[in-house]
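File shown: my_file.csv. Contents: CSV, C-alpha atoms.
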chain,number,residue,atom,x,y,z
Q,35,THR,CA,-5.2,21.2,8.7
Q,36,TYR,CA,-8.6,22.7,9.4
Q,37,ALA,CA,-12.0,21.2,10.0
Q,38,TYR,CA,-15.4,23.0,10.3
Q,39,THR,CA,-17.5,20.0,11.3
Q,40,GLN,CA,-18.8,19.0,14.7
Q,41,ASN,CA,-16.6,16.5,16.5
Q,42,PRO,CA,-13.8,16.4,13.9
Q,43,VAL,CA,-11.3,13.5,13.7
Q,44,HIS,CA,-7.8,13.9,12.5
Q,45,THR,CA,-5.0,11.3,12.0
Q,46,PHE,CA,-1.5,12.7,12.6
Q,47,PRO,CA,1.2,11.5,10.3
Q,48,SER,CA,3.7,10.6,13.0
Q,49,SER,CA,4.0,10.0,16.8
Q,50,GLN,CA,5.2,13.3,18.3
Q,51,PRO,CA,3.8,16.4,20.1
Q,52,TYR,CA,1.3,18.6,18.2
Q,53,THR,CA,-0.7,21.7,19.1
Q,54,VAL,CA,-4.4,21.5,18.5
Q,55,CYS,CA,-6.5,24.7,18.5
Q,56,LEU,CA,-10.3,25.3,18.8
Q,57,THR,CA,-11.7,28.6,17.4
Q,58,ILE,CA,-15.2,29.7,18.2
Q,59,LYS,CA,-17.0,32.4,16.2
Q,60,ASP,CA,-20.4,33.7,17.3
Q,61,GLU,CA,-23.2,35.3,15.3
Q,62,ASN,CA,-21.7,38.8,15.8
Q,63,GLY,CA,-18.4,37.7,14.3
Q,64,CYS,CA,-16.5,37.7,17.6
Q,65,THR,CA,-14.0,34.9,18.0
Q,66,ALA,CA,-12.2,33.1,20.7
Q,67,LYS,CA,-9.3,30.7,20.3
Q,68,TYR,CA,-8.0,28.0,22.7
Q,69,CYS,CA,-4.9,25.8,22.0
Q,70,GLU,CA,-3.6,22.8,23.8
Q,71,GLY,CA,-0.6,20.5,23.2
Q,72,VAL,CA,-1.4,16.8,22.5
Q,73,ALA,CA,0.9,13.8,22.1
Q,74,ALA,CA,-0.1,11.7,19.1
Q,75,GLN,CA,0.1,8.0,19.7
Q,76,PRO,CA,1.1,5.5,17.1
Q,77,LEU,CA,-1.6,3.5,15.3
Q,78,CYS,CA,-1.3,-0.1,16.5
Q,79,ASP,CA,-4.8,-1.4,15.5
Q,80,CYS,CA,-5.9,-2.3,12.0
Q,81,LEU,CA,-9.6,-1.6,11.4
Q,82,ASP,CA,-11.6,-3.9,9.2
Q,83,ASP,CA,-13.2,-1.4,6.9
Q,84,PRO,CA,-10.8,-0.8,3.9
Q,85,LEU,CA,-9.6,2.5,2.5
Q,86,GLU,CA,-10.0,2.4,-1.3
Q,87,VAL,CA,-8.2,4.3,-4.0
Q,88,ASN,CA,-10.8,4.8,-6.8
Q,89,GLY,CA,-9.0,7.5,-8.8
Q,90,ASP,CA,-5.4,8.4,-9.6
Q,91,GLN,CA,-3.9,10.0,-6.5
Q,92,THR,CA,-0.5,11.4,-5.6
Q,93,TRP,CA,0.4,11.6,-1.9
Q,94,THR,CA,3.3,13.9,-1.0
Q,95,SER,CA,2.8,14.4,2.7
Q,96,ASN,CA,3.3,11.8,5.4
Q,97,GLN,CA,0.3,9.6,6.1
Q,98,ALA,CA,-0.8,7.2,8.8
Q,99,VAL,CA,-3.3,4.5,7.7
Q,100,ASN,CA,-5.0,2.0,10.1
Q,101,HIS,CA,-7.1,0.3,7.4
Q,102,ASN,CA,-6.3,-2.2,4.6
Q,103,LEU,CA,-5.5,0.0,1.6
Q,104,ILE,CA,-6.8,-1.1,-1.7
Q,105,VAL,CA,-5.7,0.4,-5.0
Q,106,ARG,CA,-8.6,-0.5,-7.3
Q,107,ALA,CA,-8.4,-1.6,-10.9
Q,108,GLY,CA,-7.7,1.2,-13.3
Q,109,ASN,CA,-6.1,3.5,-10.8
Q,110,THR,CA,-2.6,4.6,-9.8
Q,111,LEU,CA,-1.5,5.6,-6.3
Q,112,THR,CA,1.8,7.5,-6.3
Q,113,LEU,CA,3.7,8.0,-3.1
Q,114,SER,CA,6.3,10.8,-3.7
Q,115,GLY,CA,8.9,11.7,-1.1
Q,116,MET,CA,6.8,10.8,1.8
Q,117,THR,CA,6.4,8.2,4.6
Q,118,LEU,CA,3.4,5.9,4.8
Q,119,ASN,CA,2.8,4.5,8.3
Q,120,MET,CA,0.6,1.4,8.1
Q,121,ALA,CA,-0.9,-0.1,11.2
Q,122,PRO,CA,0.3,-3.6,12.2
Q,123,ASP,CA,-1.5,-6.3,10.2
Q,124,CYS,CA,-2.8,-3.9,7.6
Q,125,LYS,CA,-1.9,-4.5,4.0
Q,126,ILE,CA,-1.7,-2.7,0.7
Q,127,TYR,CA,-3.6,-4.5,-2.1
Q,128,VAL,CA,-2.8,-3.7,-5.7
Q,129,GLU,CA,-5.6,-5.2,-7.9
Q,130,ARG,CA,-5.3,-6.2,-11.6
Q,131,ARG,CA,-4.9,-3.1,-13.8
Q,132,ALA,CA,-3.8,-1.1,-10.7
Q,133,ARG,CA,-0.5,0.4,-10.0
Q,134,LEU,CA,1.3,1.5,-6.9
Q,135,GLU,CA,4.3,3.8,-7.3
Q,136,ALA,CA,6.7,4.6,-4.4
Q,137,LEU,CA,9.2,7.2,-5.4
Q,138,ALA,CA,11.8,8.1,-2.8
Q,139,SER,CA,9.3,7.1,-0.1
Q,140,THR,CA,9.2,4.9,3.0
Q,141,LEU,CA,6.5,2.3,3.7
Q,142,THR,CA,6.6,1.1,7.3
Q,143,THR,CA,4.5,0.9,10.5
Q,144,GLY,CA,4.2,3.8,12.9
Q,145,CYS,CA,3.5,1.4,15.8
Q,146,THR,CA,6.5,1.4,18.1
Q,147,LEU,CA,5.3,-1.6,20.2
Q,148,PRO,CA,7.7,-4.6,19.9
Q,149,ASP,CA,7.1,-7.4,17.3
Q,150,LYS,CA,4.4,-5.5,15.4
Q,151,TYR,CA,4.6,-5.7,11.6
Q,152,TRP,CA,2.3,-4.4,8.9
Q,153,SER,CA,1.4,-7.0,6.2
Q,154,GLY,CA,3.2,-5.5,3.2
Q,155,ILE,CA,2.2,-4.9,-0.5
Q,156,GLU,CA,0.2,-7.6,-2.2
Q,157,VAL,CA,0.0,-7.4,-6.0
Q,158,TRP,CA,-2.5,-9.3,-8.0
Q,159,GLY,CA,-2.0,-10.5,-11.5
Q,160,ASN,CA,-3.6,-12.7,-14.2
Q,161,GLY,CA,-2.4,-16.3,-14.3
Q,162,LEU,CA,-3.6,-16.7,-17.9
Q,163,LEU,CA,-1.7,-13.7,-19.2
Q,164,SER,CA,2.0,-13.3,-20.1
Q,165,HIS,CA,4.0,-10.5,-18.5
Q,166,PRO,CA,4.7,-7.3,-20.4
Q,167,THR,CA,8.1,-6.0,-21.4
Q,168,VAL,CA,10.2,-4.2,-18.8
Q,169,GLY,CA,9.8,-1.1,-20.9
Q,170,ASP,CA,6.1,-1.3,-20.5
Q,171,ILE,CA,6.4,-1.7,-16.7
Q,172,THR,CA,8.5,1.4,-16.4
Q,173,SER,CA,6.1,3.4,-18.6
Q,174,GLY,CA,2.8,3.1,-16.8
Q,175,TYR,CA,1.6,-0.5,-17.3
Q,176,PRO,CA,-1.1,-1.8,-16.8
Q,177,PHE,CA,-3.2,-0.4,-19.6
Q,178,THR,CA,-6.2,-2.7,-20.0
Q,179,THR,CA,-8.6,-4.4,-17.6
Q,180,ALA,CA,-7.2,-7.9,-17.5
Q,181,GLN,CA,-3.5,-6.9,-17.1
Q,182,HIS,CA,-1.3,-7.6,-14.1
Q,183,GLY,CA,-1.1,-5.2,-11.2
Q,184,VAL,CA,2.2,-3.5,-10.6
Q,185,ALA,CA,4.2,-2.3,-7.5
Q,186,TYR,CA,6.9,0.1,-8.8
Q,187,LEU,CA,9.4,1.0,-6.1
Q,188,ILE,CA,12.1,3.5,-7.0
Q,189,GLU,CA,14.8,4.5,-4.4
Q,190,SER,CA,12.3,3.7,-1.6
Q,191,LYS,CA,12.3,1.8,1.6
Q,192,VAL,CA,10.0,-1.0,2.9
Q,193,SER,CA,10.4,-1.9,6.6
Q,194,LYS,CA,8.7,-3.7,9.5
Q,195,ALA,CA,6.5,-5.8,7.2
Q,196,SER,CA,5.6,-9.5,7.4
Q,197,TYR,CA,6.2,-9.6,3.7
Q,198,GLY,CA,7.7,-6.5,2.1
Q,199,ALA,CA,6.1,-7.4,-1.3
Q,200,LEU,CA,4.2,-10.4,-2.4
Q,201,THR,CA,2.4,-11.7,-5.4
Q,202,ASP,CA,0.3,-14.4,-3.7
Q,203,ASN,CA,-2.8,-14.1,-1.5
Q,204,VAL,CA,-1.5,-14.7,2.0
Q,205,ALA,CA,-3.8,-14.6,5.1
Q,206,ASN,CA,-3.7,-11.2,6.9
Q,207,THR,CA,-3.6,-12.1,10.6
Q,208,GLY,CA,-7.2,-11.8,11.4
Q,209,HIS,CA,-7.8,-8.8,9.1
Q,210,GLU,CA,-8.3,-10.5,5.8
Q,211,THR,CA,-11.2,-8.4,4.6
Q,212,TYR,CA,-10.3,-8.8,0.9
Q,213,TRP,CA,-9.6,-12.1,-0.8
Q,214,GLN,CA,-8.7,-12.3,-4.5
Q,215,PRO,CA,-12.0,-12.6,-6.5
Q,216,TYR,CA,-10.7,-14.3,-9.6
Q,217,GLY,CA,-12.0,-17.8,-9.0
Q,218,THR,CA,-9.7,-20.7,-9.5
Q,219,TRP,CA,-6.6,-20.6,-7.3
Q,220,GLY,CA,-3.6,-19.4,-9.3
Q,221,ASN,CA,-5.7,-17.0,-11.4
Q,222,HIS,CA,-4.4,-14.1,-9.3
Q,223,TYR,CA,-0.7,-15.1,-9.9
Q,224,GLY,CA,1.5,-12.8,-12.0
Q,225,GLY,CA,1.5,-9.5,-10.1
Q,226,ILE,CA,4.6,-7.6,-10.8
Q,227,VAL,CA,7.0,-6.1,-8.3
Q,228,TYR,CA,9.6,-3.8,-9.9
Q,229,ALA,CA,12.1,-2.4,-7.4
Q,230,PHE,CA,15.1,-0.2,-8.3
Q,231,LYS,CA,17.7,0.9,-5.7
Q,232,SER,CA,15.2,0.3,-2.9
Q,233,THR,CA,15.9,-1.0,0.6
Q,234,PHE,CA,14.0,-3.8,2.3
Q,235,THR,CA,14.9,-3.7,6.0
Q,236,ASN,CA,13.7,-5.4,9.3
Q,237,ASN,CA,11.0,-7.3,7.5
Q,238,LEU,CA,10.1,-10.9,8.4
Q,239,ARG,CA,10.5,-11.7,4.7
Q,240,ALA,CA,11.6,-9.1,2.1
Q,241,ALA,CA,9.5,-10.6,-0.7
Q,242,HIS,CA,7.4,-13.6,-1.8
Q,243,ILE,CA,7.1,-13.9,-5.5
Q,244,ALA,CA,4.6,-16.7,-6.5
Q,245,ALA,CA,5.5,-19.1,-9.3
Q,246,PHE,CA,4.5,-17.8,-12.6
Q,247,PRO,CA,2.9,-18.8,-14.8
Q,248,ALA,CA,0.6,-20.7,-12.5
Q,249,ASN,CA,0.0,-24.4,-12.9
Q,250,LEU,CA,-3.6,-24.2,-14.2
Q,251,PRO,CA,-5.4,-24.8,-17.5
Q,252,GLY,CA,-5.0,-22.0,-20.0
Q,253,ALA,CA,-1.8,-20.6,-18.5
Q,254,PRO,CA,0.7,-19.3,-21.1
Q,255,THR,CA,3.3,-21.7,-22.4
Q,256,THR,CA,5.3,-19.2,-24.4
Q,257,ASN,CA,6.8,-15.9,-23.4
Q,258,ILE,CA,6.7,-17.0,-19.8
Q,259,GLY,CA,9.4,-14.9,-18.3
Q,260,ASN,CA,8.7,-13.4,-14.9
Q,261,ARG,CA,9.3,-9.7,-15.1
Q,262,SER,CA,9.4,-8.9,-11.4
Q,263,ARG,CA,12.8,-7.3,-10.7
Q,264,PHE,CA,14.9,-6.2,-7.8
Q,265,ILE,CA,17.7,-4.1,-9.3
Q,266,GLY,CA,20.4,-2.6,-7.1
Q,267,CYS,CA,18.3,-3.2,-4.0
Q,268,VAL,CA,19.5,-3.8,-0.4
Q,269,ILE,CA,17.9,-6.5,1.7
Q,270,GLU,CA,18.8,-6.5,5.3

Conversion result in structure tokens:
Amino acid sequence: TYAYTQNPVHTFPSSQPYTVCLTIKDENGCTAKYCEGVAAQPLCDCLDDPLEVNGDQTWTSNQAVNHNLIVRAGNTLTLSGMTLNMAPDCKIYVERRARLEALASTLTTGCTLPDKYWSGIEVWGNGLLSHPTVGDITSGYPFTTAQHGVAYLIESKVSKASYGALTDNVANTGHETYWQPYGTWGNHYGGIVYAFKSTFTNNLRAAHIAAFPANLPGAPTTNIGNRSRFIGCVIE
């Protein structure tokens, strides 16, 4: 990783020794280089300003995040073969018409202090809309603005979370910077969690799937099956 700015800041993907180098180049093209070993410390503080995903992104290298992570409507965040270390009390939000895919990846906290948990994956839906078919869920759903958000976990691991995955709006231990904006309580119900051969380990609660459809006027009364699925998963 390189930076050419004054006072650069870099977040290391894991807690271990690294070598950091400073290279100086003068107006004549002469250079000098100094390197020093540093010990990266785990992120144990969740900052209040969120990190937003506003376009389709694929992350393939390990990342450490000490902000609430919001996958905005209309976008997909794909985690592929990597580890995402969330700071304690930070949460991943998946809005309506947003999709989080974890493919052979680990979602955990990099903080090694005892009794520290990140807040898990919160998926928002539409309490007035039926769920799609499982075929749609595995094929890139959601497709339109009002459709349910999806967390799609394939052969992945979720650990050290307060809730591994949830489809309700649960307070975030003093860092609740983002509260569902859909008005009447229950309108955000219906988020979809589809987990296949994934492992939920050392969480306070593996999952919290809210009742769907919600008990509110206009909620669907036909085709009301909840399509959240945990298939071949291990919960320990």

Query - Residue nearest Q:Gly115 among Q:Asp149, Q:Glu189, Q:Asp170, Q:Glu270 (counting all atoms listed in the file) - result: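 Among Q:Asp149, Q:Glu189, Q:Asp170, Q:Glu270, it is Q:Glu189 that comes nearest to Q:Gly115.
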
Query raised in the report: Mind pulling up the distance from atom CA of Q:Ala132 to atom CA of Q:Thr112?
Result: 11.2 Å

Query - Sel. within 7 Å of pt (-0.2, -19.4, -22.3), counting all atoms listed in the file, output as a ChimeraX atom specification - result: /Q:162-164,252-256

Residue contacts of Q:Tyr68 (7 Å, all atoms listed in the file) excluding same-chain residues fewer than 6 positions away, as an mmCIF file with C-alpha atoms, in the coordinates of the input:
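result_26.cif written:
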data_model
loop_
_atom_site.group_PDB
_atom_site.id
_atom_site.type_symbol
_atom_site.label_atom_id
_atom_site.label_comp_id
_atom_site.auth_asym_id
_atom_site.auth_seq_id
_atom_site.Cartn_x
_atom_site.Cartn_y
_atom_site.Cartn_z
ATOM 1 C CA CYS Q 55 -6.500 24.700 18.500
ATOM 2 C CA LEU Q 56 -10.300 25.300 18.800
ATOM 3 C CA THR Q 57 -11.700 28.600 17.400
#

Requested in this report: Excluding Q:Gly89 and any residue of its chain fewer than 6 positions from it, enumerate the residues within 12 Å of it, using all atoms listed in the file, and give them as a PyMOL selection string.
Outcome: chain Q and resi 104-112+132-133
